[in-house]
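Here is target.txt, consisting of compact mmCIF, C-alpha atoms:
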```txt
# COMPACT_ATOMS: atom_id res chain seq x y z
CA MET A 1 -18.46 4.44 -11.57
CA LEU A 2 -14.93 3.93 -12.91
CA ILE A 3 -13.71 2.56 -9.57
CA GLN A 4 -16.62 0.10 -9.44
CA THR A 5 -15.97 -0.93 -13.03
CA PHE A 6 -12.29 -1.69 -12.46
CA SER A 7 -12.70 -3.34 -9.05
CA GLY A 8 -15.71 -5.44 -10.04
CA ARG A 9 -14.75 -6.40 -13.57
CA LYS A 10 -14.52 -10.11 -12.67
CA GLU A 11 -17.99 -10.17 -11.15
CA ILE A 12 -19.39 -8.31 -14.18
CA LYS A 13 -17.85 -10.84 -16.57
CA ALA A 14 -18.85 -13.83 -14.43
CA SER A 15 -22.50 -12.73 -14.31
CA GLU A 16 -22.55 -11.79 -18.02
CA GLY A 17 -23.56 -8.31 -17.04
CA GLU A 18 -21.51 -6.45 -19.65
CA SER A 19 -24.57 -5.21 -21.53
CA VAL A 20 -26.34 -4.00 -18.37
CA TRP A 21 -23.19 -2.39 -17.05
CA LYS A 22 -22.55 -0.75 -20.43
CA GLU A 23 -26.00 0.87 -20.30
CA ARG A 24 -25.33 2.13 -16.75
CA PHE A 25 -21.98 3.48 -17.83
CA ARG A 26 -23.57 5.18 -20.85
CA GLU A 27 -26.17 6.87 -18.61
CA VAL A 28 -23.59 8.09 -16.12
CA SER A 29 -21.30 9.25 -18.93
CA GLY A 30 -24.20 11.09 -20.59
CA GLU A 31 -25.07 12.86 -17.33
CA SER A 32 -21.45 13.86 -16.87
CA ILE A 33 -21.13 15.13 -20.44
CA MET A 34 -24.36 17.15 -20.16
CA SER A 35 -23.19 18.63 -16.87
CA ASN A 36 -19.90 19.65 -18.47
CA TYR A 37 -21.78 21.03 -21.47
CA ASP A 38 -24.03 23.14 -19.24
CA THR A 39 -20.98 24.47 -17.40
CA PHE A 40 -19.25 25.29 -20.69
CA ARG A 41 -22.38 26.99 -22.03
CA ILE A 42 -22.78 29.12 -18.88
CA ASN A 43 -19.11 30.11 -18.96
CA SER A 44 -19.41 31.08 -22.63
CA MET A 45 -22.49 33.17 -21.93
CA MET A 46 -20.78 34.89 -19.01
CA SER A 47 -17.71 35.57 -21.13
CA SER A 48 -19.77 37.02 -23.98
CA LEU A 49 -21.85 39.12 -21.57
CA ALA A 50 -18.76 40.47 -19.82
CA GLN A 51 -17.12 41.34 -23.12
CA ALA A 52 -20.30 43.02 -24.37
CA MET A 53 -20.63 45.07 -21.18
CA LEU A 54 -16.99 46.14 -21.41
CA THR A 55 -17.29 47.13 -25.05
CA THR A 56 -20.58 48.98 -24.48
CA THR A 57 -19.16 50.88 -21.49
CA VAL A 58 -16.03 51.92 -23.39
CA LEU A 59 -18.08 53.09 -26.41
CA ALA A 60 -20.47 55.03 -24.20
CA ILE A 61 -17.66 56.84 -22.35
CA LEU A 62 -15.84 57.49 -25.61
CA SER A 63 -18.99 58.94 -27.21
CA VAL A 64 -19.78 61.17 -24.21
CA GLY A 65 -16.14 62.25 -23.99
CA ALA A 66 -15.96 63.06 -27.71
CA LEU A 67 -19.05 65.26 -27.43
CA ALA A 68 -17.52 66.98 -24.40
CA VAL A 69 -14.29 67.66 -26.35
CA ILE A 70 -16.27 69.08 -29.27
CA ASP A 71 -18.25 71.21 -26.85
CA GLY A 72 -15.01 72.47 -25.29
CA SER A 73 -15.84 71.32 -21.75
CA MET A 74 -13.10 68.67 -21.84
CA SER A 75 -9.64 68.57 -23.38
CA ILE A 76 -8.31 65.72 -25.49
CA GLY A 77 -5.72 64.86 -22.77
CA ALA A 78 -8.48 64.59 -20.16
CA LEU A 79 -10.40 62.22 -22.49
CA ILE A 80 -7.34 60.02 -22.97
CA ALA A 81 -6.69 59.95 -19.21
CA THR A 82 -10.35 59.09 -18.55
CA MET A 83 -10.25 56.23 -21.06
CA ALA A 84 -7.07 54.85 -19.48
CA LEU A 85 -8.59 54.96 -16.01
CA VAL A 86 -11.83 53.36 -17.21
CA TRP A 87 -9.90 50.58 -18.95
CA ARG A 88 -7.84 49.86 -15.82
CA VAL A 89 -11.00 49.68 -13.73
CA LEU A 90 -13.09 47.61 -16.15
CA SER A 91 -10.43 44.97 -16.95
CA PRO A 92 -10.26 43.58 -13.37
CA LEU A 93 -14.04 43.74 -13.14
CA GLN A 94 -14.29 41.71 -16.33
CA GLY A 95 -11.88 39.12 -14.88
CA ALA A 96 -13.91 38.93 -11.67
CA PHE A 97 -17.11 38.57 -13.68
CA LEU A 98 -15.63 35.66 -15.63
CA SER A 99 -14.44 34.02 -12.43
CA ILE A 100 -17.90 33.77 -10.86
CA SER A 101 -18.25 30.13 -11.90
CA LYS A 102 -14.83 29.32 -10.47
CA PHE A 103 -15.77 31.08 -7.25
CA GLN A 104 -18.91 28.94 -7.06
CA GLN A 105 -16.89 25.76 -7.54
CA THR A 106 -14.43 26.90 -4.86
CA PHE A 107 -17.22 27.64 -2.39
CA LYS A 108 -18.82 24.24 -3.06
CA SER A 109 -15.49 22.51 -2.50
CA MET A 110 -14.95 24.45 0.73
CA LYS A 111 -18.46 23.50 1.87
CA GLN A 112 -17.79 19.81 1.18
CA ILE A 113 -14.50 19.96 3.07
CA ASN A 114 -16.22 21.69 6.00
CA GLN A 115 -18.90 19.00 6.04
CA LEU A 116 -16.21 16.32 6.01
CA MET A 117 -14.36 17.94 8.90
CA LYS A 118 -17.60 18.25 10.89
CA ILE A 119 -18.20 14.50 10.80
CA PRO A 120 -17.89 13.33 14.42
CA VAL A 121 -15.00 11.02 15.23
CA GLU A 122 -15.62 7.54 16.59
CA ARG A 123 -14.75 8.62 20.09
CA SER A 124 -14.57 12.25 21.13
CA ASP A 125 -13.41 11.46 24.66
CA PHE A 126 -10.18 9.55 24.09
CA ASN A 127 -8.61 11.07 27.19
CA THR A 128 -11.31 9.63 29.43
CA ASN A 129 -11.26 6.11 27.94
CA LEU A 130 -9.57 3.37 29.91
CA ALA A 131 -6.41 1.89 28.49
CA VAL A 132 -6.52 -1.72 27.34
CA LYS A 133 -3.88 -3.74 29.16
CA GLY A 134 -3.49 -7.49 28.89
CA LEU A 135 -6.99 -8.73 28.14
CA LYS A 136 -7.43 -12.22 29.54
CA GLY A 137 -10.18 -13.09 27.10
CA PHE A 138 -13.41 -13.12 29.15
CA ILE A 139 -16.28 -11.86 26.94
CA LYS A 140 -19.82 -11.18 28.10
CA LEU A 141 -22.71 -9.98 25.94
CA ASP A 142 -25.71 -8.64 27.82
CA ARG A 143 -28.89 -8.16 25.74
CA VAL A 144 -26.98 -6.73 22.78
CA SER A 145 -29.18 -5.26 20.02
CA PHE A 146 -28.15 -3.59 16.77
CA ARG A 147 -29.73 -2.44 13.53
CA TYR A 148 -28.09 -0.85 10.50
CA GLY A 149 -30.83 1.69 9.87
CA ALA A 150 -33.97 3.05 11.46
CA ASP A 151 -36.11 1.57 8.68
CA GLN A 152 -34.45 -1.87 8.79
CA ASN A 153 -35.12 -4.93 10.89
CA PRO A 154 -32.75 -5.54 13.83
CA ALA A 155 -29.61 -7.42 12.85
CA LEU A 156 -29.20 -8.46 16.50
CA LEU A 157 -31.90 -8.61 19.12
CA GLY A 158 -31.24 -9.26 22.81
CA VAL A 159 -28.15 -11.43 22.34
CA THR A 160 -26.80 -12.69 25.67
CA PHE A 161 -24.02 -15.22 26.33
CA ASN A 162 -20.62 -15.56 28.03
CA ILE A 163 -17.27 -16.76 26.70
CA LYS A 164 -14.65 -17.95 29.18
CA PRO A 165 -10.92 -17.31 28.66
CA GLY A 166 -9.38 -19.98 26.44
CA GLU A 167 -12.70 -21.17 25.00
CA LEU A 168 -13.36 -21.76 21.31
CA VAL A 169 -16.89 -20.65 20.50
CA ALA A 170 -18.46 -21.25 17.11
CA ILE A 171 -21.28 -19.05 15.81
CA ALA A 172 -23.44 -20.69 13.16
CA GLY A 173 -26.70 -19.99 11.39
CA TYR A 174 -28.19 -19.20 8.03
CA THR A 175 -27.24 -16.22 5.88
CA GLY A 176 -28.54 -12.96 7.33
CA SER A 177 -28.92 -14.33 10.86
CA GLY A 178 -26.48 -11.77 12.32
CA LYS A 179 -23.33 -13.88 12.67
CA SER A 180 -20.86 -11.49 11.05
CA THR A 181 -22.53 -8.46 12.66
CA LEU A 182 -22.08 -10.05 16.07
CA LEU A 183 -18.40 -10.66 15.37
CA LYS A 184 -17.84 -7.07 14.21
CA ILE A 185 -19.48 -5.72 17.35
CA ILE A 186 -17.15 -7.81 19.52
CA ALA A 187 -14.23 -6.49 17.45
CA GLY A 188 -15.30 -2.90 18.16
CA MET A 189 -16.24 -2.15 14.55
CA TYR A 190 -19.83 -1.27 15.49
CA THR A 191 -21.39 0.09 18.66
CA PRO A 192 -24.60 -1.66 19.75
CA GLN A 193 -27.69 0.50 20.17
CA GLY A 194 -28.87 -1.63 23.07
CA GLY A 195 -27.25 -3.75 25.72
CA ALA A 196 -23.56 -3.92 26.58
CA ILE A 197 -20.42 -5.93 25.89
CA PHE A 198 -17.94 -6.61 28.68
CA LEU A 199 -14.30 -7.58 28.23
CA ASP A 200 -12.77 -8.85 31.45
CA ASN A 201 -15.82 -7.34 33.24
CA ILE A 202 -15.11 -3.88 31.75
CA ASP A 203 -17.76 -2.23 29.59
CA MET A 204 -16.33 -1.97 26.08
CA ARG A 205 -17.63 1.61 25.80
CA GLN A 206 -15.16 2.64 28.50
CA LEU A 207 -12.17 1.32 26.55
CA ASN A 208 -10.11 3.23 24.02
CA VAL A 209 -11.42 2.00 20.68
CA MET A 210 -8.04 2.13 18.91
CA GLU A 211 -6.25 0.19 21.65
CA LEU A 212 -9.19 -2.22 21.79
CA ARG A 213 -8.79 -3.12 18.13
CA ARG A 214 -5.06 -3.60 18.59
CA SER A 215 -5.80 -6.01 21.44
CA ILE A 216 -8.25 -8.13 19.41
CA ALA A 217 -7.13 -10.12 16.37
CA TYR A 218 -9.85 -10.06 13.71
CA VAL A 219 -9.85 -12.06 10.47
CA PRO A 220 -12.58 -10.68 8.18
CA GLN A 221 -14.58 -12.79 5.78
CA ASP A 222 -13.19 -11.11 2.66
CA THR A 223 -9.46 -11.45 2.11
CA LYS A 224 -7.88 -8.09 1.30
CA MET A 225 -4.20 -7.69 0.54
CA PHE A 226 -2.66 -4.23 0.14
CA TYR A 227 0.04 -3.17 -2.26
CA GLY A 228 3.36 -4.05 -0.68
CA THR A 229 5.33 -7.06 0.49
CA ILE A 230 3.98 -9.98 2.48
CA ALA A 231 5.88 -8.67 5.50
CA GLN A 232 4.31 -5.22 5.15
CA ASN A 233 0.84 -6.75 4.92
CA MET A 234 1.45 -8.86 8.02
CA ARG A 235 2.76 -5.86 9.97
CA LEU A 236 -0.47 -3.95 9.36
CA ALA A 237 -1.75 -4.80 12.85
CA ASN A 238 1.66 -4.40 14.51
CA GLY A 239 4.16 -2.11 12.82
CA LEU A 240 6.85 -3.01 15.38
CA ALA A 241 6.69 -6.75 14.73
CA THR A 242 10.11 -8.34 14.23
CA ASP A 243 11.00 -10.95 11.63
CA GLU A 244 10.76 -13.55 14.37
CA ASN A 245 7.21 -12.42 15.13
CA LEU A 246 6.32 -12.79 11.45
CA HIS A 247 7.76 -16.30 11.35
CA THR A 248 5.84 -17.26 14.49
CA ALA A 249 2.57 -15.87 13.12
CA ALA A 250 3.07 -17.61 9.78
CA THR A 251 3.78 -20.86 11.63
CA LYS A 252 0.53 -20.54 13.60
CA ALA A 253 -1.35 -19.98 10.34
CA GLY A 254 0.45 -22.93 8.72
CA VAL A 255 1.78 -20.85 5.82
CA LEU A 256 5.46 -20.39 6.75
CA ASP A 257 6.79 -23.08 4.41
CA GLU A 258 4.82 -21.69 1.46
CA ILE A 259 6.14 -18.17 2.09
CA LEU A 260 9.74 -19.32 2.43
CA ALA A 261 9.37 -21.34 -0.79
CA LEU A 262 8.81 -18.11 -2.74
CA PRO A 263 11.90 -16.61 -4.42
CA ASP A 264 11.73 -13.45 -2.30
CA GLY A 265 10.13 -15.01 0.78
CA PHE A 266 8.52 -12.40 3.04
CA ASN A 267 9.70 -9.67 0.64
CA THR A 268 7.44 -10.95 -2.15
CA ARG A 269 5.34 -8.06 -3.43
CA LEU A 270 1.56 -8.47 -3.49
CA THR A 271 0.48 -6.28 -6.38
CA GLU A 272 -2.91 -6.64 -8.04
CA ASN A 273 -1.46 -8.80 -10.81
CA ALA A 274 0.63 -10.84 -8.37
CA THR A 275 -2.27 -11.72 -6.07
CA ASP A 276 -4.13 -13.27 -9.01
CA LYS A 277 -1.28 -15.76 -9.38
CA PHE A 278 -1.54 -17.03 -5.80
CA PRO A 279 -4.24 -19.53 -4.78
CA PRO A 280 -7.02 -18.05 -2.62
CA GLY A 281 -6.11 -20.39 0.23
CA PHE A 282 -2.60 -18.96 0.39
CA LEU A 283 -3.88 -15.38 0.63
CA ARG A 284 -6.44 -16.45 3.21
CA SER A 285 -3.68 -18.00 5.30
CA ILE A 286 -1.67 -14.77 5.11
CA SER A 287 -4.75 -12.90 6.34
CA ILE A 288 -4.96 -15.29 9.29
CA ALA A 289 -1.23 -14.89 9.95
CA ARG A 290 -1.68 -11.10 9.92
CA ALA A 291 -4.14 -11.48 12.80
CA PHE A 292 -1.70 -13.64 14.76
CA VAL A 293 1.02 -10.98 14.52
CA SER A 294 -0.82 -8.88 17.12
CA ASN A 295 -0.28 -11.65 19.71
CA SER A 296 -3.75 -11.12 21.14
CA ASN A 297 -5.58 -13.24 23.68
CA ILE A 298 -8.83 -12.77 21.73
CA VAL A 299 -9.01 -13.97 18.10
CA LEU A 300 -12.09 -13.57 15.92
CA PHE A 301 -12.55 -15.59 12.70
CA ASP A 302 -15.27 -14.72 10.18
CA GLU A 303 -15.76 -17.73 7.89
CA PRO A 304 -12.09 -18.82 8.07
CA GLY A 305 -12.75 -21.80 5.82
CA ALA A 306 -13.73 -19.62 2.87
CA SER A 307 -11.38 -20.09 -0.10
CA LEU A 308 -9.28 -22.69 1.75
CA ASP A 309 -8.46 -25.90 -0.06
CA TYR A 310 -8.39 -29.24 1.73
CA ASP A 311 -4.73 -29.08 2.78
CA SER A 312 -4.98 -25.45 3.95
CA ASP A 313 -8.18 -26.19 5.84
CA THR A 314 -6.58 -29.19 7.52
CA ARG A 315 -3.63 -27.05 8.64
CA PHE A 316 -6.01 -24.41 9.94
CA MET A 317 -7.96 -26.96 11.97
CA ASN A 318 -4.73 -28.29 13.46
CA GLN A 319 -3.79 -24.74 14.45
CA LEU A 320 -7.17 -24.25 16.11
CA LYS A 321 -6.60 -27.41 18.14
CA ALA A 322 -3.15 -26.16 19.16
CA LEU A 323 -4.48 -22.72 20.16
CA LYS A 324 -7.41 -24.03 22.21
CA GLY A 325 -6.93 -23.14 25.84
CA HIS A 326 -4.22 -20.56 25.11
CA CYS A 327 -6.47 -17.78 23.77
CA THR A 328 -10.17 -17.02 23.43
CA MET A 329 -11.42 -17.71 19.92
CA VAL A 330 -14.78 -16.82 18.38
CA MET A 331 -15.39 -18.32 14.95
CA VAL A 332 -18.22 -17.80 12.50
CA SER A 333 -18.46 -20.91 10.37
CA HIS A 334 -20.95 -23.18 8.66
CA ARG A 335 -18.62 -26.16 8.28
CA PRO A 336 -19.45 -29.09 10.59
CA SER A 337 -15.73 -29.94 10.80
CA HIS A 338 -15.03 -26.49 12.27
CA ILE A 339 -18.07 -26.51 14.53
CA ARG A 340 -17.06 -29.85 16.10
CA LEU A 341 -13.85 -28.25 17.36
CA ALA A 342 -15.75 -25.69 19.43
CA ASP A 343 -16.28 -25.90 23.16
CA LYS A 344 -19.62 -24.17 22.73
CA VAL A 345 -21.80 -23.39 19.72
CA ILE A 346 -24.17 -20.41 19.33
CA LEU A 347 -26.89 -20.86 16.71
CA MET A 348 -28.26 -17.55 15.39
CA ASN A 349 -31.67 -17.10 13.77
CA GLN A 350 -32.94 -13.69 12.60
CA GLY A 351 -30.65 -11.82 14.96
CA ALA A 352 -31.50 -13.83 18.08
CA ILE A 353 -29.93 -16.86 19.74
CA GLN A 354 -31.78 -20.01 18.75
CA PHE A 355 -29.55 -22.46 20.61
CA ALA A 356 -26.44 -22.43 22.81
CA GLY A 357 -24.82 -25.72 23.70
CA THR A 358 -22.61 -28.52 22.47
CA ALA A 359 -21.39 -28.97 18.92
CA ASP A 360 -23.20 -32.27 18.33
CA GLU A 361 -26.56 -30.82 19.37
CA ALA A 362 -26.03 -27.73 17.22
CA ILE A 363 -25.12 -29.80 14.15
CA SER A 364 -28.20 -31.98 14.69
CA ILE A 365 -30.42 -28.87 14.75
CA LEU A 366 -28.79 -27.54 11.57
CA MET A 367 -29.23 -30.90 9.81
CA GLU A 368 -32.89 -31.09 10.80
CA GLU A 369 -33.59 -27.64 9.39
```
Please express the file's structure as structure tokens.
Amino acid sequence: MLIQTFSGRKEIKASEGESVWKERFREVSGESIMSNYDTFRINSMMSSLAQAMLTTTVLAILSVGALAVIDGSMSIGALIATMALVWRVLSPLQGAFLSISKFQQTFKSMKQINQLMKIPVERSDFNTNLAVKGLKGFIKLDRVSFRYGADQNPALLGVTFNIKPGELVAIAGYTGSGKSTLLKIIAGMYTPQGGAIFLDNIDMRQLNVMELRRSIAYVPQDTKMFYGTIAQNMRLANGLATDENLHTAATKAGVLDEILALPDGFNTRLTENATDKFPPGFLRSISIARAFVSNSNIVLFDEPGASLDYDSDTRFMNQLKALKGHCTMVMVSHRPSHIRLADKVILMNQGAIQFAGTADEAISILMEE
């Protein structure tokens, strides 16, 4: 709840949801306080019970021993020795009795850790996967189907099309039509439940998933910068990238001059407060440049025009024109200016392909609807 509050504070303020969020926070805080109160009450009861049992046991032994001394069947020394032994035995037992709640917490934590470690990895057969070497950029989708849950409608249903090396393909459609899901499946983020995806005529399921993602440059819809310098953020996809590689990637994204204009250049730190000072288009361009650092022959763009101003969008379109024919690009976009740059346009509707053809025909269909 705290993480959601801090990370989503802008959305809460923008939607005037402070009062609703305050009520949610009060409910969660009340549940947490009551849980802590119950734990404290149980611990107090256990402590009082353990102390009462210890005191009762000592008094009982002392009473029986005193009667035995009076009767002459036990000496005073034997009584003192018995009391010392009983005290040494009962003290650790009292400590163990008081630690029952801690033992329960430890066992629950161990159980959670065991459940976490039992979660299956993405691929359990890394040694048998084929290595990804120099993808040329041919992509083929054969009746690909995918749904997020068993009780949900399919996000993709029987999607089939081919992308030739060097082509720029635009994927368009209304919200919820499966555009971003399709892009994530090509990027190897999700595994389709039906059908197959082929890269250079190799089934994607036969490829090493980690190497596959290194071989495909993916620009997500939401721009996310991590704490560190601009150079460190750009090297996320390629830790061995040289300064020259960073300059080349920034040039392709059209953001090199803006980075060099900063006082610290590529060493400018992107903290949470610092990112608020930069325009969204600048951060979006850095995200695009981060994808270009991998020097991949397949580049995927998910709504690249989001948050870009006119100048940044113009630079991005010029870069798309320059990259056409040199690498395979798949772009999810709703902007007609972006769609017109594509060699082929795929229109999605409720997870299925509605139209596949030229940009002008696709734009006409979108305008009619």
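With CA of His326 (chain A) on one side and CA of Met189 (chain A) on the other, the separation reads 24.4 Å.
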For CA of Gln94 (chain A) and CA of Ala60 (chain A), determine how far apart the two atoms are, in Å to one decimal place. 16.7 Å
Can you list every residue of region 171-239 of chain A that has an atom at most 10 Å from region 149-160 of chain A, with its nearest atom pair and the distance in Å to one decimal, using all atoms listed in the file, ordered by chain then number, as a Markdown table?
```
| residue | atom | partner | partner_atom | distance |
| --- | --- | --- | --- | --- |
| A:Gly176 | CA | A:Ala155 | CA | 7.9 |
| A:Ser177 | CA | A:Ala155 | CA | 7.2 |
| A:Gly178 | CA | A:Ala155 | CA | 5.4 |
| A:Lys179 | CA | A:Leu156 | CA | 8.9 |
| A:Ser180 | CA | A:Ala155 | CA | 9.8 |
| A:Thr181 | CA | A:Ala155 | CA | 7.2 |
| A:Leu182 | CA | A:Leu156 | CA | 7.3 |
| A:Pro192 | CA | A:Leu156 | CA | 8.8 |
| A:Gln193 | CA | A:Leu156 | CA | 9.8 |
| A:Gly194 | CA | A:Gly158 | CA | 8.0 |
| A:Gly195 | CA | A:Gly158 | CA | 7.4 |
| A:Ala196 | CA | A:Thr160 | CA | 9.4 |
| A:Ile197 | CA | A:Thr160 | CA | 9.3 |
```
Leaving out region 293-301 of chain A and any residue of its chain fewer than 4 positions from it, which residues lie within 8 Å of it when counting all atoms listed in the file, given as a PyMOL selection string? chain A and resi 135-137+183+187+214-221+234-235+237-238+241+245-246+248-249+289+326-332
Write out as number ranges by chain each polymer residue whose atoms come within 8 Å of Met348 (chain A), counting only C-alpha atoms; drop sequence neighbours fewer than 4 positions from it. A: 171-174, 177-179, 352-355
Point-to-point distance in Å for CA of Leu236 (chain A) and CA of Phe282 (chain A): 17.6 Å
Closest to Asp257 (chain A) among A:Leu141, A:Ile286, A:Leu240, A:Leu212, using all atoms listed in the file?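 Under the stated criterion, the closest residue is A:Ile286.
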Have a look at A:Glu167, A:Val255, A:Ser99, A:Lys277 and name the one nearest to Lys324 (chain A); count all atoms listed in the file.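 Closest to Lys324 (chain A) of all the choices is A:Glu167.
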Given the choices A:Asp142, A:Asp38, A:Glu11, A:Asp243, which gets closest to Phe198 (chain A) if the distance is worked out from all atoms listed in the file? A:Asp142
Could you add whatever atoms are missing so that region 99-123 of chain A carries N, CA and C atoms, then write the result as a JSON list (two decimals), in the frame of the given file?
```
[["chain", "number", "residue", "atom", "x", "y", "z"],
["A", 99, "SER", "N", -14.86, 34.99, -13.45],
["A", 99, "SER", "CA", -14.44, 34.02, -12.43],
["A", 99, "SER", "C", -15.56, 33.62, -11.48],
["A", 100, "ILE", "N", -16.78, 34.10, -11.75],
["A", 100, "ILE", "CA", -17.90, 33.77, -10.86],
["A", 100, "ILE", "C", -18.10, 32.26, -10.76],
["A", 101, "SER", "N", -18.06, 31.59, -11.92],
["A", 101, "SER", "CA", -18.25, 30.13, -11.90],
["A", 101, "SER", "C", -17.16, 29.44, -11.11],
["A", 102, "LYS", "N", -15.92, 29.92, -11.24],
["A", 102, "LYS", "CA", -14.83, 29.32, -10.47],
["A", 102, "LYS", "C", -15.01, 29.58, -8.98],
["A", 103, "PHE", "N", -15.50, 30.78, -8.65],
["A", 103, "PHE", "CA", -15.77, 31.08, -7.25],
["A", 103, "PHE", "C", -16.83, 30.12, -6.69],
["A", 104, "GLN", "N", -17.87, 29.86, -7.50],
["A", 104, "GLN", "CA", -18.91, 28.94, -7.06],
["A", 104, "GLN", "C", -18.35, 27.54, -6.82],
["A", 105, "GLN", "N", -17.50, 27.07, -7.73],
["A", 105, "GLN", "CA", -16.89, 25.76, -7.54],
["A", 105, "GLN", "C", -16.01, 25.73, -6.29],
["A", 106, "THR", "N", -15.28, 26.83, -6.06],
["A", 106, "THR", "CA", -14.43, 26.90, -4.86],
["A", 106, "THR", "C", -15.25, 26.86, -3.59],
["A", 107, "PHE", "N", -16.36, 27.62, -3.58],
["A", 107, "PHE", "CA", -17.22, 27.64, -2.39],
["A", 107, "PHE", "C", -17.85, 26.27, -2.15],
["A", 108, "LYS", "N", -18.24, 25.58, -3.22],
["A", 108, "LYS", "CA", -18.82, 24.24, -3.06],
["A", 108, "LYS", "C", -17.78, 23.27, -2.50],
["A", 109, "SER", "N", -16.55, 23.38, -3.01],
["A", 109, "SER", "CA", -15.49, 22.51, -2.50],
["A", 109, "SER", "C", -15.20, 22.80, -1.03],
["A", 110, "MET", "N", -15.17, 24.09, -0.67],
["A", 110, "MET", "CA", -14.95, 24.45, 0.73],
["A", 110, "MET", "C", -16.08, 23.93, 1.61],
["A", 111, "LYS", "N", -17.31, 23.99, 1.10],
["A", 111, "LYS", "CA", -18.46, 23.50, 1.87],
["A", 111, "LYS", "C", -18.36, 22.00, 2.08],
["A", 112, "GLN", "N", -17.94, 21.26, 1.05],
["A", 112, "GLN", "CA", -17.79, 19.81, 1.18],
["A", 112, "GLN", "C", -16.69, 19.46, 2.18],
["A", 113, "ILE", "N", -15.59, 20.20, 2.13],
["A", 113, "ILE", "CA", -14.50, 19.96, 3.07],
["A", 113, "ILE", "C", -14.95, 20.26, 4.50],
["A", 114, "ASN", "N", -15.70, 21.36, 4.67],
["A", 114, "ASN", "CA", -16.22, 21.69, 6.00],
["A", 114, "ASN", "C", -17.16, 20.60, 6.52],
["A", 115, "GLN", "N", -18.01, 20.07, 5.63],
["A", 115, "GLN", "CA", -18.90, 19.00, 6.04],
["A", 115, "GLN", "C", -18.12, 17.75, 6.43],
["A", 116, "LEU", "N", -17.05, 17.48, 5.68],
["A", 116, "LEU", "CA", -16.21, 16.32, 6.01],
["A", 116, "LEU", "C", -15.55, 16.49, 7.36],
["A", 117, "MET", "N", -15.04, 17.71, 7.63],
["A", 117, "MET", "CA", -14.36, 17.94, 8.90],
["A", 117, "MET", "C", -15.32, 17.98, 10.08],
["A", 118, "LYS", "N", -16.62, 18.21, 9.80],
["A", 118, "LYS", "CA", -17.60, 18.25, 10.89],
["A", 118, "LYS", "C", -18.12, 16.87, 11.26],
["A", 119, "ILE", "N", -17.75, 15.85, 10.47],
["A", 119, "ILE", "CA", -18.20, 14.50, 10.80],
["A", 119, "ILE", "C", -17.61, 14.10, 12.15],
["A", 120, "PRO", "N", -18.43, 13.67, 13.08],
["A", 120, "PRO", "CA", -17.89, 13.33, 14.42],
["A", 120, "PRO", "C", -16.97, 12.12, 14.35],
["A", 121, "VAL", "N", -15.94, 12.14, 15.16],
["A", 121, "VAL", "CA", -15.00, 11.02, 15.23],
["A", 121, "VAL", "C", -15.67, 9.87, 15.98],
["A", 122, "GLU", "N", -15.04, 8.69, 15.92],
["A", 122, "GLU", "CA", -15.62, 7.54, 16.59],
["A", 122, "GLU", "C", -15.77, 7.77, 18.09],
["A", 123, "ARG", "N", -14.71, 8.31, 18.67],
["A", 123, "ARG", "CA", -14.75, 8.62, 20.09],
["A", 123, "ARG", "C", -14.20, 10.02, 20.30]]
```
